[in-house]
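One file, work_20.txt, is given below (compact mmCIF, C-alpha atoms).
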# COMPACT_ATOMS: atom_id res chain seq x y z
CA MET A 1 25.54 9.50 -19.30
CA THR A 2 26.91 6.46 -21.13
CA GLU A 3 24.64 3.91 -22.78
CA ILE A 4 22.85 1.66 -20.28
CA ASN A 5 24.13 -1.90 -20.00
CA PRO A 6 21.53 -4.07 -21.84
CA LEU A 7 21.30 -6.32 -18.78
CA LEU A 8 19.77 -3.44 -16.84
CA THR A 9 17.00 -2.94 -19.39
CA LEU A 10 15.72 -6.52 -19.22
CA ASP A 11 12.18 -7.10 -18.01
CA VAL A 12 12.33 -8.47 -14.48
CA ILE A 13 10.79 -11.80 -15.48
CA GLU A 14 13.31 -12.37 -18.28
CA LEU A 15 16.10 -11.37 -15.91
CA ARG A 16 14.78 -13.77 -13.27
CA ASP A 17 14.78 -16.61 -15.81
CA ARG A 18 18.34 -15.87 -16.95
CA LEU A 19 19.61 -15.75 -13.38
CA ALA A 20 17.84 -19.00 -12.52
CA SER A 21 19.31 -20.79 -15.56
CA GLY A 22 22.82 -19.46 -15.03
CA ALA A 23 22.81 -17.56 -18.33
CA VAL A 24 23.49 -14.51 -16.18
CA ARG A 25 25.41 -14.81 -12.91
CA ALA A 26 24.20 -12.86 -9.90
CA VAL A 27 27.68 -11.35 -9.50
CA GLU A 28 27.65 -10.21 -13.11
CA TYR A 29 24.31 -8.49 -12.68
CA VAL A 30 25.20 -6.83 -9.36
CA GLU A 31 28.42 -5.51 -10.92
CA ALA A 32 26.31 -3.94 -13.70
CA CYS A 33 24.01 -2.36 -11.08
CA LEU A 34 26.96 -0.97 -9.13
CA ALA A 35 28.49 0.50 -12.28
CA ARG A 36 25.20 2.18 -13.10
CA ILE A 37 24.89 3.51 -9.55
CA ALA A 38 28.41 4.93 -9.69
CA GLU A 39 27.44 6.78 -12.87
CA VAL A 40 24.04 8.24 -11.99
CA GLU A 41 23.84 8.35 -8.19
CA PRO A 42 25.65 11.72 -7.89
CA GLN A 43 22.79 13.25 -9.86
CA VAL A 44 19.82 11.17 -8.65
CA GLN A 45 20.82 10.63 -4.99
CA ALA A 46 18.50 7.68 -4.44
CA TRP A 47 20.51 5.83 -1.78
CA ALA A 48 20.65 6.35 1.97
CA TRP A 49 23.03 3.38 2.49
CA LEU A 50 24.91 1.28 -0.03
CA ASP A 51 27.77 -1.19 0.34
CA GLY A 52 28.82 -2.74 -2.96
CA ASP A 53 31.01 -5.35 -1.28
CA HIS A 54 28.05 -6.55 0.80
CA ALA A 55 25.86 -6.83 -2.29
CA LEU A 56 28.57 -8.75 -4.16
CA ALA A 57 29.07 -11.10 -1.22
CA GLN A 58 25.37 -11.99 -1.33
CA ALA A 59 25.59 -12.49 -5.09
CA ARG A 60 28.60 -14.80 -4.84
CA ALA A 61 26.84 -16.93 -2.23
CA LEU A 62 23.78 -17.23 -4.47
CA ASP A 63 25.89 -18.17 -7.51
CA ILE A 64 27.57 -20.92 -5.48
CA ARG A 65 24.20 -22.18 -4.30
CA ARG A 66 22.82 -22.40 -7.84
CA GLN A 67 25.96 -24.11 -9.15
CA SER A 68 25.73 -26.70 -6.36
CA GLY A 69 22.32 -27.80 -7.54
CA ALA A 70 20.60 -26.70 -4.34
CA PRO A 71 17.06 -25.29 -4.68
CA ILE A 72 16.88 -21.59 -5.47
CA GLY A 73 14.14 -19.11 -4.62
CA PRO A 74 11.71 -17.28 -6.93
CA LEU A 75 13.73 -14.05 -6.60
CA HIS A 76 17.13 -15.73 -7.02
CA GLY A 77 19.83 -13.13 -7.64
CA LEU A 78 17.49 -10.15 -8.05
CA PRO A 79 18.78 -7.00 -6.29
CA VAL A 80 16.15 -5.09 -4.32
CA GLY A 81 16.30 -1.56 -2.88
CA LEU A 82 14.59 -1.09 0.48
CA LYS A 83 13.09 2.16 1.66
CA ASP A 84 15.02 3.42 4.68
CA VAL A 85 12.07 2.92 7.03
CA ILE A 86 12.34 -0.87 6.75
CA ASP A 87 14.53 -2.51 9.39
CA THR A 88 17.55 -4.46 8.18
CA ALA A 89 19.71 -6.42 10.63
CA LYS A 90 23.22 -4.95 11.05
CA ILE A 91 22.46 -2.34 8.36
CA PRO A 92 21.63 1.29 9.24
CA THR A 93 17.97 2.28 9.13
CA SER A 94 17.55 5.98 9.87
CA ASN A 95 13.86 6.48 8.91
CA GLY A 96 14.82 9.61 7.03
CA THR A 97 15.48 11.63 10.19
CA VAL A 98 18.60 12.89 11.93
CA LEU A 99 17.02 11.68 15.16
CA ASP A 100 17.65 8.09 14.05
CA GLU A 101 21.03 8.69 12.43
CA GLY A 102 23.33 5.79 13.29
CA ARG A 103 20.46 3.48 14.26
CA VAL A 104 21.29 -0.15 13.38
CA PRO A 105 18.49 -2.69 13.98
CA GLU A 106 19.25 -6.12 15.39
CA GLU A 107 16.54 -7.90 13.37
CA ASP A 108 15.22 -7.82 9.84
CA ALA A 109 11.69 -6.67 9.15
CA VAL A 110 9.44 -9.61 8.26
CA LEU A 111 9.38 -8.56 4.61
CA VAL A 112 13.20 -8.49 4.50
CA SER A 113 13.33 -12.03 5.86
CA ARG A 114 10.91 -13.09 3.13
CA LEU A 115 13.01 -11.40 0.43
CA LYS A 116 16.13 -13.20 1.63
CA ALA A 117 14.29 -16.53 1.81
CA ALA A 118 13.20 -16.01 -1.81
CA GLY A 119 16.81 -15.47 -2.91
CA ALA A 120 16.77 -11.70 -3.36
CA ILE A 121 19.87 -9.57 -2.84
CA ILE A 122 19.49 -6.67 -0.43
CA MET A 123 21.20 -4.02 -2.51
CA GLY A 124 20.90 -1.18 -0.01
CA LYS A 125 18.60 1.33 1.63
CA THR A 126 16.81 3.88 -0.55
CA VAL A 127 16.08 7.43 0.54
CA SER A 128 12.86 8.15 2.40
CA THR A 129 11.48 11.55 3.14
CA GLU A 130 11.67 12.45 6.83
CA LEU A 131 9.70 9.81 8.77
CA ALA A 132 7.93 8.87 5.53
CA PHE A 133 5.99 12.13 5.39
CA MET A 134 5.89 15.22 3.17
CA HIS A 135 9.20 17.05 3.73
CA PRO A 136 11.21 16.69 0.48
CA SER A 137 14.30 14.47 0.46
CA LYS A 138 17.61 14.86 -1.36
CA THR A 139 16.51 12.54 -4.19
CA ARG A 140 15.98 13.97 -7.68
CA ASN A 141 13.80 12.77 -10.55
CA PRO A 142 15.94 10.67 -12.95
CA HIS A 143 14.16 12.13 -15.97
CA ASN A 144 15.01 15.69 -14.99
CA PRO A 145 16.83 16.59 -11.76
CA GLU A 146 14.95 19.89 -11.53
CA HIS A 147 11.71 17.96 -10.91
CA THR A 148 10.60 16.20 -7.74
CA PRO A 149 10.63 12.38 -7.69
CA GLY A 150 7.65 12.49 -5.34
CA GLY A 151 7.57 10.98 -1.89
CA SER A 152 7.80 9.50 0.53
CA SER A 153 9.28 6.47 -1.27
CA ALA A 154 11.43 8.81 -3.35
CA GLY A 155 14.61 6.75 -3.48
CA SER A 156 12.83 3.48 -4.26
CA ALA A 157 11.01 4.92 -7.27
CA ALA A 158 14.05 6.83 -8.53
CA ALA A 159 16.41 3.86 -8.16
CA VAL A 160 14.20 1.66 -10.34
CA ALA A 161 13.55 4.46 -12.84
CA ALA A 162 17.30 5.10 -13.22
CA ALA A 163 17.95 1.35 -13.77
CA MET A 164 20.07 1.10 -10.62
CA VAL A 165 18.02 -1.89 -9.42
CA PRO A 166 15.19 -3.85 -11.03
CA LEU A 167 13.02 -3.90 -7.90
CA ALA A 168 12.42 -1.80 -4.80
CA VAL A 169 10.10 -1.75 -1.81
CA GLY A 170 8.39 1.29 -0.32
CA THR A 171 5.46 2.23 1.88
CA GLN A 172 2.24 4.19 1.33
CA THR A 173 0.12 5.92 3.95
CA GLY A 174 -1.33 8.51 1.59
CA GLY A 175 0.21 8.33 -1.87
CA SER A 176 3.83 7.36 -1.22
CA VAL A 177 4.10 4.49 -3.73
CA ILE A 178 1.71 5.39 -6.53
CA ARG A 179 2.67 9.08 -6.78
CA PRO A 180 6.49 8.67 -7.00
CA ALA A 181 6.05 5.73 -9.39
CA SER A 182 3.96 7.97 -11.63
CA PHE A 183 6.42 10.86 -11.40
CA CYS A 184 9.44 8.64 -12.12
CA GLY A 185 7.84 6.52 -14.84
CA VAL A 186 7.86 3.04 -13.29
CA VAL A 187 5.26 0.51 -12.19
CA GLY A 188 4.14 1.04 -8.61
CA PHE A 189 1.90 -1.50 -6.87
CA LYS A 190 0.11 -0.89 -3.57
CA PRO A 191 -1.59 -4.16 -2.60
CA THR A 192 -4.73 -4.60 -0.58
CA PHE A 193 -4.26 -3.29 2.96
CA GLY A 194 -2.78 -6.01 5.15
CA ALA A 195 -1.48 -8.17 2.29
CA ILE A 196 2.17 -7.60 3.27
CA ALA A 197 3.25 -7.64 6.90
CA ARG A 198 4.61 -4.41 8.38
CA THR A 199 6.46 -5.84 11.40
CA GLY A 200 9.83 -4.09 11.52
CA VAL A 201 8.67 -1.14 9.41
CA LEU A 202 8.31 2.41 10.75
CA SER A 203 4.75 2.86 12.00
CA GLN A 204 3.17 6.18 11.09
CA SER A 205 -0.51 5.24 10.92
CA PRO A 206 -1.38 1.57 11.56
CA THR A 207 -4.82 2.00 10.04
CA LEU A 208 -3.33 3.17 6.74
CA ASP A 209 0.33 2.07 6.44
CA THR A 210 0.72 -0.27 3.45
CA ILE A 211 3.80 -1.90 1.92
CA GLY A 212 4.19 -1.43 -1.85
CA VAL A 213 6.66 -2.37 -4.57
CA PHE A 214 8.32 -0.81 -7.63
CA SER A 215 9.39 -2.52 -10.84
CA ASN A 216 9.99 -1.92 -14.54
CA SER A 217 7.01 -4.13 -15.38
CA VAL A 218 3.65 -5.23 -13.99
CA ASN A 219 4.80 -8.85 -13.91
CA GLY A 220 7.95 -7.86 -12.04
CA ALA A 221 5.85 -6.13 -9.40
CA ALA A 222 3.61 -9.19 -9.16
CA LEU A 223 6.65 -11.45 -8.77
CA VAL A 224 8.19 -9.62 -5.84
CA ALA A 225 4.85 -8.86 -4.15
CA GLU A 226 3.88 -12.53 -4.29
CA SER A 227 6.99 -13.40 -2.28
CA LEU A 228 6.02 -10.81 0.34
CA PHE A 229 2.34 -11.65 0.79
CA GLY A 230 1.41 -13.69 3.85
CA TYR A 231 0.25 -13.81 7.42
CA ASP A 232 2.32 -12.47 10.31
CA PRO A 233 0.92 -12.97 13.83
CA LYS A 234 2.65 -9.76 14.95
CA ASP A 235 0.75 -7.65 12.41
CA PRO A 236 -3.01 -7.63 13.15
CA ALA A 237 -3.75 -6.27 9.67
CA THR A 238 -2.68 -9.58 8.12
CA THR A 239 -4.82 -12.72 8.06
CA PRO A 240 -4.10 -16.36 7.17
CA SER A 241 -4.90 -16.87 3.49
CA PRO A 242 -3.92 -19.05 0.53
CA ALA A 243 -0.96 -18.15 -1.71
CA PRO A 244 -2.06 -15.28 -3.97
CA ARG A 245 -0.83 -16.63 -7.39
CA LEU A 246 -0.22 -13.02 -8.38
CA LEU A 247 2.28 -13.68 -11.15
CA GLU A 248 0.45 -16.64 -12.67
CA ILE A 249 -2.79 -14.69 -12.96
CA ALA A 250 -1.08 -11.44 -14.01
CA LYS A 251 0.51 -13.25 -16.96
CA SER A 252 -2.75 -14.88 -18.05
CA ASP A 253 -5.22 -13.52 -20.59
CA PRO A 254 -8.62 -12.47 -19.25
CA LEU A 255 -11.47 -14.77 -20.31
CA VAL A 256 -13.51 -11.75 -21.40
CA THR A 257 -12.46 -8.24 -22.35
CA PRO A 258 -12.13 -6.20 -19.14
CA MET A 259 -14.56 -3.43 -18.30
CA PHE A 260 -13.22 -0.16 -16.92
CA ALA A 261 -14.97 2.48 -14.85
CA PHE A 262 -13.45 5.93 -15.25
CA VAL A 263 -13.68 7.73 -11.92
CA ARG A 264 -13.00 11.41 -11.41
CA PRO A 265 -11.72 11.49 -7.82
CA PRO A 266 -12.89 14.25 -5.47
CA GLN A 267 -11.55 17.68 -6.49
CA PHE A 268 -10.59 16.39 -9.94
CA GLU A 269 -11.84 19.54 -11.66
CA GLU A 270 -9.96 21.81 -9.23
CA VAL A 271 -6.54 20.14 -9.17
CA ALA A 272 -6.04 17.96 -12.27
CA ASP A 273 -3.90 19.75 -14.84
CA GLU A 274 -4.97 20.13 -18.45
CA GLU A 275 -2.67 17.39 -19.75
CA THR A 276 -4.14 14.89 -17.31
CA VAL A 277 -7.71 15.77 -18.27
CA MET A 278 -6.95 15.52 -21.98
CA ALA A 279 -5.01 12.26 -21.62
CA PHE A 280 -7.88 10.52 -19.86
CA GLN A 281 -10.37 11.81 -22.37
CA GLU A 282 -8.25 10.18 -25.08
CA ILE A 283 -7.75 6.90 -23.20
CA THR A 284 -11.41 6.46 -22.29
CA GLY A 285 -12.26 7.25 -25.90
CA MET A 286 -9.91 4.49 -27.09
CA LEU A 287 -11.54 2.02 -24.72
CA GLY A 288 -14.94 2.86 -26.15
CA ASP A 289 -17.69 0.54 -24.94
CA GLN A 290 -15.23 -1.12 -22.56
CA CYS A 291 -15.24 1.98 -20.36
CA PHE A 292 -17.99 3.95 -18.68
CA GLU A 293 -17.80 6.95 -16.38
CA ALA A 294 -18.86 6.33 -12.79
CA SER A 295 -19.58 8.94 -10.16
CA LEU A 296 -18.63 8.21 -6.58
CA PRO A 297 -21.33 8.63 -3.92
CA LYS A 298 -21.44 11.96 -2.09
CA ALA A 299 -19.82 10.36 0.97
CA PHE A 300 -16.50 10.22 -0.90
CA ASP A 301 -16.24 14.02 -0.92
CA ASP A 302 -14.96 13.89 2.66
CA ALA A 303 -12.74 10.82 2.24
CA ASN A 304 -9.43 12.68 2.02
CA ALA A 305 -10.22 14.75 5.09
CA LEU A 306 -11.20 11.62 7.02
CA ARG A 307 -8.02 9.84 5.93
CA ALA A 308 -5.93 12.82 7.07
CA ARG A 309 -7.73 12.85 10.43
CA ILE A 310 -6.78 9.23 11.03
CA ASN A 311 -3.25 9.77 9.74
CA PHE A 312 -2.57 12.80 11.96
CA ALA A 313 -4.13 11.32 15.10
CA GLU A 314 -2.12 8.11 14.80
CA MET A 315 1.03 10.01 13.82
CA ALA A 316 0.75 12.12 16.96
CA LYS A 317 0.77 8.90 18.98
CA ASP A 318 3.40 6.95 17.02
CA TYR A 319 5.77 9.90 16.64
CA TYR A 320 5.43 11.11 20.21
CA ASP A 321 8.91 9.82 21.05
CA TYR A 322 10.44 11.73 18.14
CA GLU A 323 8.70 14.92 19.22
CA LYS A 324 9.82 14.41 22.81
CA ARG A 325 13.44 13.65 21.85
CA GLY A 326 13.94 16.40 19.31
CA ARG A 327 11.01 18.58 18.32
CA ALA A 328 13.40 21.31 17.16
CA GLN A 329 14.94 18.88 14.65
CA LEU A 330 11.66 17.92 12.99
CA SER A 331 10.43 19.62 9.82
CA PRO A 332 7.51 22.06 9.76
CA GLU A 333 5.47 19.48 7.80
CA ILE A 334 5.87 16.83 10.49
CA LEU A 335 5.23 19.26 13.35
CA GLU A 336 2.09 20.63 11.73
CA ALA A 337 0.70 17.11 11.29
CA ILE A 338 1.56 16.10 14.87
CA ASP A 339 0.00 19.27 16.26
CA LYS A 340 -3.16 18.68 14.25
CA GLY A 341 -3.22 15.10 15.50
CA ASN A 342 -2.94 16.22 19.10
CA ASP A 343 -5.99 18.46 18.63
CA ILE A 344 -8.25 15.73 17.19
CA LYS A 345 -10.97 14.58 19.60
CA ALA A 346 -11.25 10.86 20.29
CA ARG A 347 -14.87 10.80 19.10
CA ASP A 348 -13.87 12.33 15.75
CA TYR A 349 -10.99 9.89 15.29
CA LEU A 350 -13.16 6.88 16.12
CA ALA A 351 -15.92 8.12 13.83
CA ALA A 352 -13.42 8.44 10.96
CA LEU A 353 -12.38 4.80 11.41
CA ASP A 354 -15.95 3.68 10.71
CA TRP A 355 -15.91 5.23 7.25
CA ARG A 356 -13.63 2.65 5.58
CA THR A 357 -16.47 0.12 5.68
CA VAL A 358 -18.99 2.70 4.46
CA LEU A 359 -16.83 3.80 1.54
CA ASN A 360 -16.07 0.25 0.43
CA ALA A 361 -19.78 -0.47 0.41
CA GLY A 362 -20.15 2.49 -1.93
CA LEU A 363 -17.37 1.17 -4.17
CA GLU A 364 -19.18 -2.15 -4.51
CA GLU A 365 -21.79 -0.37 -6.63
CA VAL A 366 -19.01 0.53 -9.07
CA PHE A 367 -17.13 -2.78 -8.97
CA ASN A 368 -20.35 -4.70 -9.65
CA ARG A 369 -20.25 -3.12 -13.11
CA CYS A 370 -16.53 -3.24 -13.89
CA ASP A 371 -13.26 -5.13 -13.42
CA VAL A 372 -11.23 -2.12 -12.32
CA ILE A 373 -11.45 1.61 -11.83
CA ILE A 374 -9.25 3.73 -14.10
CA THR A 375 -8.21 7.10 -12.69
CA PRO A 376 -5.18 9.44 -12.64
CA ALA A 377 -2.17 8.42 -10.54
CA ALA A 378 -1.35 12.07 -9.84
CA THR A 379 -2.67 15.52 -10.64
CA GLY A 380 -0.12 15.77 -13.45
CA PRO A 381 3.56 15.14 -14.18
CA ALA A 382 6.20 15.71 -11.51
CA PRO A 383 6.31 19.39 -10.58
CA LYS A 384 9.42 21.36 -11.47
CA ASN A 385 9.86 22.18 -7.81
CA LEU A 386 12.20 20.47 -5.37
CA GLN A 387 10.44 22.03 -2.38
CA THR A 388 7.43 19.73 -2.77
CA THR A 389 6.80 16.00 -3.17
CA GLY A 390 3.62 16.63 -5.14
CA ASN A 391 -0.05 16.36 -4.29
CA PRO A 392 -1.25 12.88 -3.11
CA ILE A 393 -4.93 13.77 -3.35
CA PHE A 394 -5.66 11.16 -6.06
CA ASN A 395 -4.09 8.37 -3.98
CA GLY A 396 -5.22 8.88 -0.38
CA LEU A 397 -8.80 7.83 -1.10
CA TRP A 398 -7.69 4.35 -2.21
CA THR A 399 -5.24 4.01 0.67
CA PHE A 400 -8.06 4.83 3.08
CA CYS A 401 -10.34 2.24 1.48
CA GLY A 402 -7.56 -0.36 1.53
CA THR A 403 -8.12 -1.23 -2.12
CA PRO A 404 -5.24 -2.49 -4.29
CA ALA A 405 -3.88 0.03 -6.78
CA VAL A 406 -1.25 -0.08 -9.51
CA THR A 407 0.14 2.67 -11.71
CA ILE A 408 1.59 1.93 -15.12
CA PRO A 409 3.79 4.46 -17.01
CA LEU A 410 1.88 4.87 -20.28
CA LEU A 411 1.71 8.65 -20.67
CA TRP A 412 4.20 11.47 -21.30
CA SER A 413 3.73 15.18 -20.77
CA GLN A 414 4.74 17.81 -23.29
CA ASN A 415 7.83 18.60 -21.22
CA GLY A 416 9.04 15.01 -21.46
CA MET A 417 8.05 13.85 -17.97
CA PRO A 418 6.24 10.53 -17.41
CA MET A 419 2.66 10.27 -16.18
CA GLY A 420 0.99 7.18 -14.76
CA ILE A 421 -2.40 5.60 -15.26
CA GLN A 422 -3.76 4.32 -11.95
CA LEU A 423 -5.95 1.24 -11.84
CA VAL A 424 -7.84 0.35 -8.66
CA GLY A 425 -9.35 -3.04 -7.82
CA ARG A 426 -11.79 -4.44 -5.31
CA VAL A 427 -10.30 -5.31 -1.90
CA GLY A 428 -8.53 -8.67 -2.21
CA ASP A 429 -8.70 -8.67 -6.00
CA ASP A 430 -5.00 -7.92 -6.47
CA ALA A 431 -4.30 -10.63 -9.04
CA ARG A 432 -7.11 -9.60 -11.39
CA LEU A 433 -5.97 -5.99 -11.04
CA MET A 434 -2.49 -6.92 -12.25
CA ARG A 435 -3.86 -9.00 -15.12
CA THR A 436 -6.04 -6.08 -16.22
CA ALA A 437 -3.06 -3.72 -16.04
CA ASN A 438 -1.19 -5.99 -18.46
CA TRP A 439 -4.21 -6.12 -20.74
CA LEU A 440 -4.50 -2.33 -20.81
CA LYS A 441 -0.83 -1.87 -21.62
CA LYS A 442 -1.11 -4.26 -24.58
CA PHE A 443 -4.37 -2.70 -25.74
CA LEU A 444 -3.02 0.85 -25.78
CA LYS A 445 0.15 -0.27 -27.57
CA ASN A 446 -1.93 -1.97 -30.23
CA GLN A 447 -3.99 1.19 -30.63
CA GLU A 448 -0.82 3.24 -31.13
CA ASP A 449 0.57 0.77 -33.66
CA ALA A 450 -2.69 0.57 -35.63
Hey, can you dump this file as structure tokens for me?
Amino acid sequence: MTEINPLLTLDVIELRDRLASGAVRAVEYVEACLARIAEVEPQVQAWAWLDGDHALAQARALDIRRQSGAPIGPLHGLPVGLKDVIDTAKIPTSNGTVLDEGRVPEEDAVLVSRLKAAGAIIMGKTVSTELAFMHPSKTRNPHNPEHTPGGSSAGSAAAVAAAMVPLAVGTQTGGSVIRPASFCGVVGFKPTFGAIARTGVLSQSPTLDTIGVFSNSVNGAALVAESLFGYDPKDPATTPSPAPRLLEIAKSDPLVTPMFAFVRPPQFEEVADEETVMAFQEITGMLGDQCFEASLPKAFDDANALRARINFAEMAKDYYDYEKRGRAQLSPEILEAIDKGNDIKARDYLAALDWRTVLNAGLEEVFNRCDVIITPAATGPAPKNLQTTGNPIFNGLWTFCGTPAVTIPLLWSQNGMPMGIQLVGRVGDDARLMRTANWLKKFLKNQEDA
């Protein structure tokens, strides 16, 4: 590979400022992205649909708008990759399955409309695993193509990690934002459940489905997420609320030094690899008195099983049409989940729904003593195995609870693969979570430099 164009290595906030001032033209930046894609896409395979002419046409229109003196949006000229389960008007959206090949929606998803209103450029559609579940996609890890990029938002994480785009959007029902972000070495942010509207996005499990974002920095993730937050009357998970001020708070310094609670998620001892265990021993040691170890109540032992019960039951309902149209063309992973969902009794499904409130009550005991929870983003680095998307066991708990989570790429394994540190905040406390993530990054860098 040739040396990366310096434009593509800019922090998203600096890039945003240059585009807004005219120091960098949107066309110039999109051309750099397209050149990078032409170079690395044959190896990474992050894109399900890409039309360079369409991206350049959007960029030219935005350049003309800025030059005219008309108001520009907070994402002016920033290219964004969209997971191929997010509807885009007149642009193919195949949901990662041959059963939807050639499908072209008539309307944009709500989040796509918000991106366009903010001045973003829809660069293209990034690869999703089949129906946003566990069957591996064609995408490869940019750090080593023999390793999985994770899933299901494989293309979104890989595209940002390979510097093809500065921002991307994905979805998480179990661990589909945090895990691939950790494996690919980028920032992944899964907001509080219901913060970003899902209208126009493939529905797998309405109780769990959450929109998330990818960026090369915490502030970049806060910037794009802030433009997406907001009420949508068609999505009952959203509620009317004030503007989140994510970026403003993320960039600010905390008034007091943050307190961290190190949590070993259920089955930590059984599935966390040695490098993960050692890394968190070192990090918690660096934090010293600013970190304490907290044990989750016994009720959390069953959280992953309860989350899966809800996921499978709702998947069986929402994917019924796919099963009816082409069961033979669905992967074994999808069919197994649907079959399990069909076997779940209504009483067991309804009982599982009640546990989100119970578990969050248990988390309050931890959050009353800390600013955020610190915990692994994955069981280890990306497996050297293209037949798996990795284990989401350290993510599903937080998806079930609806808590915001962010992973920051601060660790490296001995084999040169990135590893993420996952921070989890109280429901609705997204802005403080992002501010604390920035604080931790600076703190650990200072410790390394000392």
Rank A:Leu423, A:Ala195, A:Leu50, A:Leu330 by their smallest atom-to-atom distance to A:Gly402, using all atoms listed in the file, and report the top residue only.
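Once distances to A:Gly402 are computed over all atoms listed in the file, the minimum belongs to A:Ala195.
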From the set A:Ala117, A:Ala46, A:Val224, A:Val27, which residue has the shortest atom-to-atom contact distance to A:Val80, counting only C-alpha atoms?
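The shortest atom-to-atom distance to A:Val80 comes from A:Val224.
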For the interface of stretch 291-406 of chain A with stretch 257-279 of chain A (cut-off 7 Å, counting only C-alpha atoms), please tabulate each contacting residue of stretch 291-406 of chain A alongside its nearest pair of atoms and their separation in Å to one decimal, rows sorted by chain and increasing number, as CSV.
residue,atom,partner,partner_atom,distance
A:Cys291,CA,A:Phe260,CA,4.5
A:Phe292,CA,A:Ala261,CA,5.1
A:Glu293,CA,A:Phe262,CA,4.6
A:Ala294,CA,A:Val263,CA,5.4
A:Ser295,CA,A:Val263,CA,6.3
A:Asp301,CA,A:Pro266,CA,5.7
A:Cys370,CA,A:Met259,CA,4.8
A:Asp371,CA,A:Met259,CA,5.3
A:Val372,CA,A:Phe260,CA,5.4
A:Ile373,CA,A:Ala261,CA,4.7
A:Ile374,CA,A:Phe262,CA,4.9
A:Thr375,CA,A:Val263,CA,5.6
A:Thr379,CA,A:Ala272,CA,4.5
A:Gly380,CA,A:Thr276,CA,5.6
A:Phe394,CA,A:Pro265,CA,6.3
List every protein, DNA or RNA residue with an atom no more than 8 Å from (16.2, 21.2, -6.6) in the file's coordinates, counting only C-alpha atoms, and format the result as a list in words.
Arg140, Pro145, Glu146, His147, Thr148, Asn385, Leu386 and Gln387 of chain A
Given only C-alpha atoms as the counted atoms, nearest of A:Ala161, A:Leu353, A:Val186, A:Leu363 to A:Pro206:
A:Leu353
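By only C-alpha atoms, and with residues fewer than 5 positions from A:Met419 along its chain excluded, the set lying at most 10 Å from it is A:Arg179, A:Ala181, A:Ser182, A:Phe183, A:Cys184, A:Gly185, A:Val186, A:Glu275, A:Thr276, A:Ala279, A:Pro376, A:Ala377, A:Ala378, A:Thr379, A:Gly380, A:Pro381, A:Ala382, A:Thr407, A:Ile408, A:Pro409, A:Leu410, A:Leu411, A:Trp412, A:Ser413.
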Using all atoms listed in the file, the residue out of A:Pro418, A:Pro79, A:Pro383, A:Pro142 with shortest distance to A:Val169 is A:Pro79
Would you work out the distance separating atom CA of A:Arg60 from atom CA of A:Phe229, expressed in Å to one decimal?
27.0 Å
Using all atoms listed in the file, can you tell me which of A:Glu314, A:Glu364, A:Glu248, A:Asp289 comes closest to A:Gln204?
A:Glu314
Computed interatomic separation between atom CA of A:Ala120 and atom CA of A:Leu62 (Å)
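So the answer is 9.0 Å.
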Using Å and a single decimal, report how far atom CA of A:Val165 sits from atom CA of A:Leu7.
10.9 Å
Give me, as a compact mmCIF listing (two decimals) with C-alpha atoms, in the coordinates of the input, all polymer residues having an atom no more than 10 Å from A:Gln329, counting all atoms listed in the file and skipping those fewer than 6 positions away in the same chain.
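Okay, this is what ended up in result-v3.txt:
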# COMPACT_ATOMS: atom_id res chain seq x y z
CA THR A 97 15.48 11.63 10.19
CA VAL A 98 18.60 12.89 11.93
CA LEU A 99 17.02 11.68 15.16
CA TYR A 322 10.44 11.73 18.14
CA GLU A 323 8.70 14.92 19.22
CA LEU A 335 5.23 19.26 13.35
Of the candidates A:Ser156, A:Asn216, A:Thr357, A:Thr399, which shows the shortest atom-to-atom distance to A:Arg307, using only C-alpha atoms?
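With only C-alpha atoms as the atom set, the closest residue is A:Thr399.
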Nearby residues (all atoms listed in the file) at most 10 Å from A:Tyr349, same-chain spacing under 5 positions excluded, as a JSON list (two decimals) with C-alpha atoms, in the frame of the given file:
[["chain", "number", "residue", "atom", "x", "y", "z"],
["A", 306, "LEU", "CA", -11.20, 11.62, 7.02],
["A", 307, "ARG", "CA", -8.02, 9.84, 5.93],
["A", 309, "ARG", "CA", -7.73, 12.85, 10.43],
["A", 310, "ILE", "CA", -6.78, 9.23, 11.03],
["A", 311, "ASN", "CA", -3.25, 9.77, 9.74],
["A", 312, "PHE", "CA", -2.57, 12.80, 11.96],
["A", 313, "ALA", "CA", -4.13, 11.32, 15.10],
["A", 314, "GLU", "CA", -2.12, 8.11, 14.80],
["A", 341, "GLY", "CA", -3.22, 15.10, 15.50],
["A", 344, "ILE", "CA", -8.25, 15.73, 17.19],
["A", 354, "ASP", "CA", -15.95, 3.68, 10.71]]
What lies within 12 Å of A:Gln67 using all atoms listed in the file, ignoring chain neighbours under 5 positions off, as a PyMOL selection string?
chain A and resi 19-23+25-26+60-62+72
Take the selection from the previous step and output its residues with C-alpha atoms, as a JSON list (two decimals), in the frame of the given file.
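Result file selection-v6.json:
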[["chain", "number", "residue", "atom", "x", "y", "z"],
["A", 19, "LEU", "CA", 19.61, -15.75, -13.38],
["A", 20, "ALA", "CA", 17.84, -19.00, -12.52],
["A", 21, "SER", "CA", 19.31, -20.79, -15.56],
["A", 22, "GLY", "CA", 22.82, -19.46, -15.03],
["A", 23, "ALA", "CA", 22.81, -17.56, -18.33],
["A", 25, "ARG", "CA", 25.41, -14.81, -12.91],
["A", 26, "ALA", "CA", 24.20, -12.86, -9.90],
["A", 60, "ARG", "CA", 28.60, -14.80, -4.84],
["A", 61, "ALA", "CA", 26.84, -16.93, -2.23],
["A", 62, "LEU", "CA", 23.78, -17.23, -4.47],
["A", 72, "ILE", "CA", 16.88, -21.59, -5.47]]
